[in-house]
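Have a look at target-v5.cif; it's mmCIF, C-alpha atoms:
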data_target
loop_
_atom_site.label_atom_id
_atom_site.label_comp_id
_atom_site.auth_asym_id
_atom_site.auth_seq_id
_atom_site.Cartn_x
_atom_site.Cartn_y
_atom_site.Cartn_z
CA MET A 1 80.17 51.66 169.77
CA VAL A 2 81.53 53.69 172.67
CA LEU A 3 81.82 52.61 176.29
CA HIS A 4 81.20 55.68 178.44
CA THR A 5 82.45 55.58 182.04
CA VAL A 6 81.27 57.91 184.82
CA ASN A 7 83.04 57.88 188.20
CA LYS A 8 81.61 61.00 189.88
CA SER A 9 78.49 61.44 191.99
CA PRO A 10 75.71 63.05 189.91
CA PHE A 11 74.91 65.26 192.90
CA GLU A 12 78.38 66.80 192.97
CA ARG A 13 79.37 66.99 189.28
CA ASN A 14 77.47 67.09 186.00
CA ALA A 15 79.53 64.25 184.47
CA LEU A 16 76.60 61.80 184.38
CA GLU A 17 74.18 64.36 182.96
CA SER A 18 76.64 65.39 180.28
CA CYS A 19 77.41 61.76 179.47
CA ILE A 20 73.71 60.91 179.08
CA GLY A 21 73.25 63.98 176.92
CA HIS A 22 75.98 62.91 174.51
CA ALA A 23 75.79 59.09 174.49
CA GLN A 24 74.33 57.69 171.27
CA PRO A 25 71.49 55.15 171.43
CA GLY A 26 72.83 51.64 171.82
CA SER A 27 76.12 52.71 173.40
CA ALA A 28 77.23 51.45 176.81
CA ILE A 29 77.43 53.50 180.01
CA LEU A 30 79.33 52.11 183.00
CA LEU A 31 78.92 53.75 186.40
CA LEU A 32 81.83 53.14 188.78
CA GLU A 33 83.33 54.56 191.99
CA ASP A 34 81.12 57.47 193.18
CA GLY A 35 79.30 57.25 189.86
CA VAL A 36 77.33 54.25 191.15
CA TYR A 37 75.14 56.57 193.25
CA GLY A 38 73.57 57.66 189.95
CA ALA A 39 71.88 54.28 189.57
CA VAL A 40 69.83 54.55 192.78
CA LYS A 41 66.07 54.78 192.17
CA ASP A 42 63.76 57.49 193.56
CA SER A 43 66.53 60.11 193.46
CA THR A 44 66.33 63.48 191.71
CA VAL A 45 68.32 62.07 188.76
CA ALA A 46 66.64 58.64 188.66
CA ASP A 47 64.19 59.50 185.85
CA LYS A 48 67.01 60.62 183.55
CA VAL A 49 69.07 57.56 184.36
CA ALA A 50 66.11 55.19 183.91
CA GLN A 51 65.53 56.68 180.46
CA ALA A 52 69.23 56.29 179.63
CA ALA A 53 68.98 52.65 180.71
CA LYS A 54 66.35 52.18 177.97
CA ASP A 55 68.21 54.04 175.20
CA CYS A 56 71.67 52.74 176.09
CA LYS A 57 73.07 49.72 177.90
CA LEU A 58 73.60 50.76 181.51
CA TYR A 59 76.13 48.97 183.70
CA VAL A 60 77.22 49.42 187.32
CA LEU A 61 80.42 48.08 188.87
CA GLY A 62 79.32 45.68 191.64
CA PRO A 63 82.34 45.99 193.97
CA ASP A 64 81.88 49.78 194.08
CA LEU A 65 78.18 49.36 194.92
CA ALA A 66 79.04 46.97 197.76
CA ALA A 67 81.76 49.22 199.16
CA ARG A 68 79.28 52.07 199.42
CA GLY A 69 76.49 50.01 200.98
CA VAL A 70 74.15 50.44 197.99
CA SER A 71 72.07 47.26 197.78
CA GLN A 72 71.04 45.97 194.38
CA ASP A 73 67.31 46.27 195.15
CA LYS A 74 67.70 50.06 195.36
CA LEU A 75 68.70 50.45 191.70
CA VAL A 76 66.62 51.73 188.78
CA ALA A 77 65.29 49.14 186.32
CA ASN A 78 67.39 47.72 183.46
CA VAL A 79 70.75 48.16 185.16
CA ASN A 80 73.32 45.41 184.64
CA ILE A 81 75.76 44.74 187.48
CA VAL A 82 79.25 43.73 186.37
CA ASP A 83 82.43 42.73 188.20
CA TYR A 84 85.97 43.68 187.19
CA ASN A 85 86.07 40.92 184.56
CA GLY A 86 82.83 42.28 183.13
CA PHE A 87 84.45 45.73 183.02
CA VAL A 88 87.31 44.29 180.97
CA ASP A 89 84.84 42.53 178.65
CA LEU A 90 83.06 45.84 178.04
CA THR A 91 86.31 47.54 177.06
CA VAL A 92 86.99 44.72 174.59
CA GLU A 93 83.46 44.63 173.13
CA ASN A 94 83.41 48.38 172.43
CA ASP A 95 85.56 50.28 169.95
CA THR A 96 86.57 53.07 172.34
CA VAL A 97 86.33 53.97 176.02
CA GLN A 98 85.34 57.54 176.86
CA ALA A 99 85.79 58.58 180.48
CA TRP A 100 83.64 61.41 181.88
CA LEU A 101 85.95 62.55 184.66
CA MET B 1 73.18 75.82 232.15
CA MET B 2 73.58 77.04 228.61
CA ALA B 3 76.19 75.20 226.56
CA ASP B 4 77.90 78.46 225.70
CA GLU B 5 78.47 79.16 229.38
CA MET B 6 80.19 75.86 230.13
CA MET B 7 83.80 75.73 231.20
CA ASP B 8 86.36 72.99 230.74
CA ASP B 9 88.64 71.64 233.50
CA GLU B 10 91.09 74.52 233.17
CA GLY B 11 88.38 77.15 233.29
CA GLY B 12 88.45 77.76 229.55
CA LYS B 13 85.26 78.28 227.64
CA ILE B 14 83.94 75.16 225.92
CA LYS B 15 83.38 75.96 222.29
CA LYS B 16 80.88 74.49 219.89
CA PHE B 17 82.66 72.67 217.06
CA LEU B 18 80.82 71.53 213.94
CA TYR B 19 82.36 69.10 211.49
CA LEU B 20 80.54 69.59 208.20
CA ASN B 21 80.68 66.49 205.98
CA ARG B 22 79.56 66.93 202.37
CA LYS B 23 81.52 64.25 200.49
CA ALA B 24 80.81 60.61 199.73
CA PRO B 25 83.19 58.04 201.26
CA TYR B 26 85.88 56.22 199.24
CA GLY B 27 85.73 58.37 196.07
CA THR B 28 87.82 61.05 197.79
CA ILE B 29 89.82 61.12 201.04
CA TYR B 30 87.65 63.80 202.70
CA ALA B 31 85.35 61.51 204.71
CA LEU B 32 88.21 59.51 206.21
CA GLU B 33 90.21 62.68 206.95
CA SER B 34 87.20 64.18 208.72
CA LEU B 35 86.97 61.15 210.99
CA GLU B 36 90.68 61.40 211.79
CA VAL B 37 90.37 65.05 212.78
CA VAL B 38 87.19 64.42 214.79
CA LEU B 39 88.98 61.73 216.80
CA ILE B 40 91.90 64.08 217.49
CA ALA B 41 89.53 66.86 218.55
CA ALA B 42 87.75 64.47 220.90
CA ALA B 43 90.75 64.73 223.22
CA PHE B 44 90.09 68.43 223.83
CA ASP B 45 86.72 68.16 225.63
CA GLN B 46 84.81 70.53 223.38
CA ASP B 47 81.14 70.45 222.37
CA VAL B 48 81.38 68.50 219.12
CA SER B 49 78.67 67.97 216.52
CA LEU B 50 78.90 66.28 213.14
CA ALA B 51 76.72 67.37 210.23
CA PHE B 52 76.04 65.17 207.21
CA VAL B 53 74.80 67.21 204.25
CA ASP B 54 74.64 66.62 200.47
CA ASP B 55 76.80 63.62 199.47
CA GLY B 56 78.02 63.42 203.10
CA VAL B 57 74.91 61.39 203.97
CA TYR B 58 76.41 58.50 201.97
CA GLN B 59 79.06 58.12 204.70
CA LEU B 60 76.45 56.65 207.05
CA LEU B 61 74.87 54.08 204.69
CA LYS B 62 74.67 50.66 206.32
CA GLY B 63 76.06 47.50 204.82
CA GLN B 64 79.28 48.96 203.42
CA ASP B 65 81.54 46.10 202.27
CA THR B 66 84.85 47.21 200.79
CA GLY B 67 86.31 43.72 200.32
CA GLY B 68 85.89 43.95 196.55
CA VAL B 69 87.71 47.26 196.15
CA GLU B 70 90.56 46.57 198.59
CA MET B 71 90.01 49.74 200.62
CA LYS B 72 89.59 50.09 204.38
CA ASN B 73 85.93 50.09 205.48
CA PHE B 74 85.93 52.93 208.01
CA SER B 75 82.15 53.02 208.50
CA PRO B 76 82.28 51.10 211.85
CA THR B 77 84.27 54.03 213.26
CA TYR B 78 81.14 56.21 213.39
CA ASN B 79 79.67 53.87 215.99
CA ALA B 80 82.84 54.19 218.12
CA LEU B 81 82.49 57.98 218.35
CA GLY B 82 80.12 57.60 221.31
CA ASP B 83 83.05 56.31 223.39
CA TYR B 84 84.66 59.73 222.83
CA ASP B 85 81.54 61.64 223.93
CA ILE B 86 80.68 62.46 220.35
CA ASN B 87 77.01 61.60 220.04
CA LYS B 88 75.46 64.35 217.95
CA LEU B 89 75.38 63.23 214.32
CA TYR B 90 72.97 65.53 212.48
CA VAL B 91 71.72 64.16 209.14
CA GLU B 92 69.81 66.37 206.72
CA LYS B 93 66.50 64.88 205.62
CA GLU B 94 66.37 66.67 202.26
CA SER B 95 69.84 65.41 201.33
CA LEU B 96 68.67 61.83 201.94
CA GLU B 97 65.46 62.28 199.96
CA GLU B 98 67.19 63.86 196.95
CA ARG B 99 69.33 60.71 196.78
CA GLY B 100 66.44 58.23 197.05
CA LEU B 101 67.36 57.40 200.63
CA SER B 102 65.72 57.47 204.05
CA VAL B 103 66.98 57.19 207.62
CA ASP B 104 66.21 53.45 207.40
CA ASP B 105 69.14 53.13 204.99
CA LEU B 106 71.59 54.44 207.60
CA MET B 107 73.62 52.56 210.19
CA ASP B 108 72.33 52.29 213.75
CA VAL B 109 74.88 54.59 215.38
CA THR B 110 74.43 54.65 219.17
CA TYR B 111 76.08 55.89 222.37
CA GLU B 112 75.75 55.08 226.07
CA ASP B 113 74.32 58.00 228.07
CA GLU B 114 76.28 58.26 231.34
CA ASP B 115 73.62 60.61 232.75
CA ASP B 116 70.91 58.00 232.20
CA ASP B 117 72.40 54.79 233.68
CA TRP B 118 74.41 54.20 230.47
CA ALA B 119 71.26 53.67 228.45
CA GLU B 120 71.98 53.04 224.77
CA LYS B 121 70.63 55.90 222.64
CA PRO B 122 70.72 56.80 218.96
CA SER B 123 73.43 59.28 217.91
CA ILE B 124 71.85 60.08 214.54
CA ARG B 125 69.47 63.03 214.62
CA LEU B 126 67.43 63.65 211.49
CA VAL B 127 66.96 67.37 210.86
CA SER B 128 65.45 69.50 208.12
CA ARG B 129 67.55 71.80 205.93
CA ALA B 130 66.16 74.78 207.85
CA GLU B 131 67.14 73.21 211.18
CA MET B 132 70.59 72.41 209.82
CA GLY B 133 71.00 76.04 208.86
CA GLU B 134 70.12 77.12 212.39
CA LEU B 135 72.55 74.57 213.84
CA MET B 136 75.35 76.03 211.71
CA GLU B 137 74.49 79.50 212.97
CA GLN B 138 75.01 78.40 216.60
CA GLN B 139 78.61 77.19 216.17
CA ASP B 140 81.84 78.81 217.31
CA VAL B 141 83.99 76.86 214.85
CA VAL B 142 83.09 74.98 211.66
CA PHE B 143 85.47 72.53 209.96
CA SER B 144 84.51 71.63 206.39
CA PHE B 145 85.19 68.31 204.70
#

Encoding of this model in structure tokens:
Amino acid sequence: MVLHTVNKSPFERNALESCIGHAQPGSAILLLEDGVYGAVKDSTVADKVAQAAKDCKLYVLGPDLAARGVSQDKLVANVNIVDYNGFVDLTVENDTVQAWL
Amino acid sequence: MMADEMMDDEGGKIKKFLYLNRKAPYGTIYALESLEVVLIAAAFDQDVSLAFVDDGVYQLLKGQDTGGVEMKNFSPTYNALGDYDINKLYVEKESLEERGLSVDDLMDVTYEDEDDDWAEKPSIRLVSRAEMGELMEQQDVVFSF
């Protein structure tokens, strides 16, 4: 399977939307850097992201959440928070890494 | 007296400066650069306002902890702006709502009002998109970040 990474805010670029539109069911999506804002619930993209969290495995990089002051209780359901070691594990577990810059 | 009639110490007209912030912190250098320029401009005794629109509202989120990403946490600097007579931080309500946020998610940025026995007052002013548009219309100079 593919590990998709998104590092841009969904409110500034369409990287997350395009990623969700292309990711196959069961693949992994990791939100990092400004991409972590996409995991916040009650936003204008939250419904799309919540659906992606059901079809795919959705991950968020914890240190980037903390840096931006996004607390974990503000995230959509079914999001897994990983640290840098978890990021490395994801790259090993998946066949390829596809970055949506 | 109207703000646009005010004069500085040398008799020059005080201009209205707006710093328009539309970028999230940390992902790009814009937010930090804006703060740097605002602090420089503070030395020139102008009428300074900061606007936080679109992803710029993320700059004011409370609880920022950059220890895990080894970057400088510059968010405490916003609360120091009051010491430089910069106490008008306009935040757009619609930008917050579109991002699942409210004013409760923002830092308590305050200043001490020298005209009111140094009472501590909030610097953040929540405004609608329409009000923000009007604010922009009133400026002499707008710097975009």

Review point. Where does the PyMOL selection byres ((chain A) within 12 of (chain B)) land in this file, that is, which residues does it pick, as a PyMOL selection string?
Key: chain A and resi 7-13+32-47+61-72+74-76+83-84

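What separates CA of His22 (chain A) from CA of Gly56 (chain B) is a distance of 28.7 Å.
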
Check your understanding: Selected by the PyMOL selection byres ((chain A and resi 94) around 6) in the shown coordinates: which residues, as JSON, numbers by chain?
Key -> {"A": [1, 2, 3, 91, 92, 93, 95, 96]}

Review point. Quick one: distance from CA of Phe17 (chain B) to CA of Glu112 (chain B) in Å, one decimal?
Key: 20.9 Å

Spatial neighbours of Ile20 (chain A), max dist 9 Å, only C-alpha atoms, sep filter under 2 positions, as a PDB file with C-alpha atoms, in the coordinates of the input:
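Written file, part37.pdb:
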ATOM      1  CA  ALA A  15      79.530  64.250 184.470  1.00  0.00           C
ATOM      2  CA  LEU A  16      76.600  61.800 184.380  1.00  0.00           C
ATOM      3  CA  GLU A  17      74.180  64.360 182.960  1.00  0.00           C
ATOM      4  CA  SER A  18      76.640  65.390 180.280  1.00  0.00           C
ATOM      5  CA  HIS A  22      75.980  62.910 174.510  1.00  0.00           C
ATOM      6  CA  ALA A  23      75.790  59.090 174.490  1.00  0.00           C
ATOM      7  CA  GLN A  24      74.330  57.690 171.270  1.00  0.00           C
ATOM      8  CA  ILE A  29      77.430  53.500 180.010  1.00  0.00           C
ATOM      9  CA  LYS A  48      67.010  60.620 183.550  1.00  0.00           C
ATOM     10  CA  VAL A  49      69.070  57.560 184.360  1.00  0.00           C
ATOM     11  CA  ALA A  52      69.230  56.290 179.630  1.00  0.00           C
ATOM     12  CA  CYS A  56      71.670  52.740 176.090  1.00  0.00           C
TER      13      CYS A  56
END

Please, what is the axis-aligned box for every listed atom of region 82-97 of chain B with 3 Å on each side, as centre and edge lengths in Å to one decimal, as lines of an AutoDock Vina configuration file?
center_x = 75.1
center_y = 61.5
center_z = 211.9
size_x = 25.2
size_y = 16.4
size_z = 30.0

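The residues caught by the PyMOL selection byres ((chain B and resi 50) around 7) in this file are Leu18, Tyr19, Leu20, Val48, Ser49, Ala51, Phe52, Lys88, Leu89 and Tyr90 of chain B.
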
Practice item. Work out how far apart CA of Phe143 (chain B) and CA of Val53 (chain B) are and give it in Å to one decimal. Key: 13.2 Å

Exercise for review: Determine, counting all atoms listed in the file, which protein, DNA and RNA residues have an atom within 10 Å of an atom of region 6-8 of chain B; residues of the same chain fewer than 4 positions away are not included. Present the result as a VMD selection string.
Suggested key: chain B and resid 1 to 2 12 to 15 44 to 47

Would you fill the gaps in region 57-70 of chain A so it has N, CA and C atoms, then print it as a JSON list (two decimals), keeping the file's coordinate frame?
[["chain", "number", "residue", "atom", "x", "y", "z"],
["A", 57, "LYS", "N", 72.90, 50.87, 176.99],
["A", 57, "LYS", "CA", 73.07, 49.72, 177.90],
["A", 57, "LYS", "C", 73.77, 50.25, 179.15],
["A", 58, "LEU", "N", 73.08, 50.17, 180.28],
["A", 58, "LEU", "CA", 73.60, 50.76, 181.51],
["A", 58, "LEU", "C", 74.19, 49.68, 182.42],
["A", 59, "TYR", "N", 75.42, 49.91, 182.82],
["A", 59, "TYR", "CA", 76.13, 48.97, 183.70],
["A", 59, "TYR", "C", 76.60, 49.68, 184.96],
["A", 60, "VAL", "N", 76.69, 48.90, 186.06],
["A", 60, "VAL", "CA", 77.22, 49.42, 187.32],
["A", 60, "VAL", "C", 78.26, 48.43, 187.84],
["A", 61, "LEU", "N", 79.36, 48.96, 188.36],
["A", 61, "LEU", "CA", 80.42, 48.08, 188.87],
["A", 61, "LEU", "C", 80.04, 47.59, 190.28],
["A", 62, "GLY", "N", 79.81, 46.28, 190.40],
["A", 62, "GLY", "CA", 79.32, 45.68, 191.64],
["A", 62, "GLY", "C", 80.19, 45.95, 192.86],
["A", 63, "PRO", "N", 81.51, 45.75, 192.78],
["A", 63, "PRO", "CA", 82.34, 45.99, 193.97],
["A", 63, "PRO", "C", 82.24, 47.42, 194.51],
["A", 64, "ASP", "N", 82.03, 48.40, 193.61],
["A", 64, "ASP", "CA", 81.88, 49.78, 194.08],
["A", 64, "ASP", "C", 80.52, 50.01, 194.74],
["A", 65, "LEU", "N", 79.49, 49.31, 194.26],
["A", 65, "LEU", "CA", 78.18, 49.36, 194.92],
["A", 65, "LEU", "C", 78.29, 48.81, 196.34],
["A", 66, "ALA", "N", 78.93, 47.64, 196.46],
["A", 66, "ALA", "CA", 79.04, 46.97, 197.76],
["A", 66, "ALA", "C", 79.83, 47.81, 198.74],
["A", 67, "ALA", "N", 80.93, 48.40, 198.28],
["A", 67, "ALA", "CA", 81.76, 49.22, 199.16],
["A", 67, "ALA", "C", 80.96, 50.35, 199.77],
["A", 68, "ARG", "N", 80.04, 50.90, 198.97],
["A", 68, "ARG", "CA", 79.28, 52.07, 199.42],
["A", 68, "ARG", "C", 77.98, 51.71, 200.12],
["A", 69, "GLY", "N", 77.71, 50.42, 200.27],
["A", 69, "GLY", "CA", 76.49, 50.01, 200.98],
["A", 69, "GLY", "C", 75.22, 50.21, 200.18],
["A", 70, "VAL", "N", 75.34, 50.30, 198.84],
["A", 70, "VAL", "CA", 74.15, 50.44, 197.99],
["A", 70, "VAL", "C", 73.70, 49.04, 197.57]]
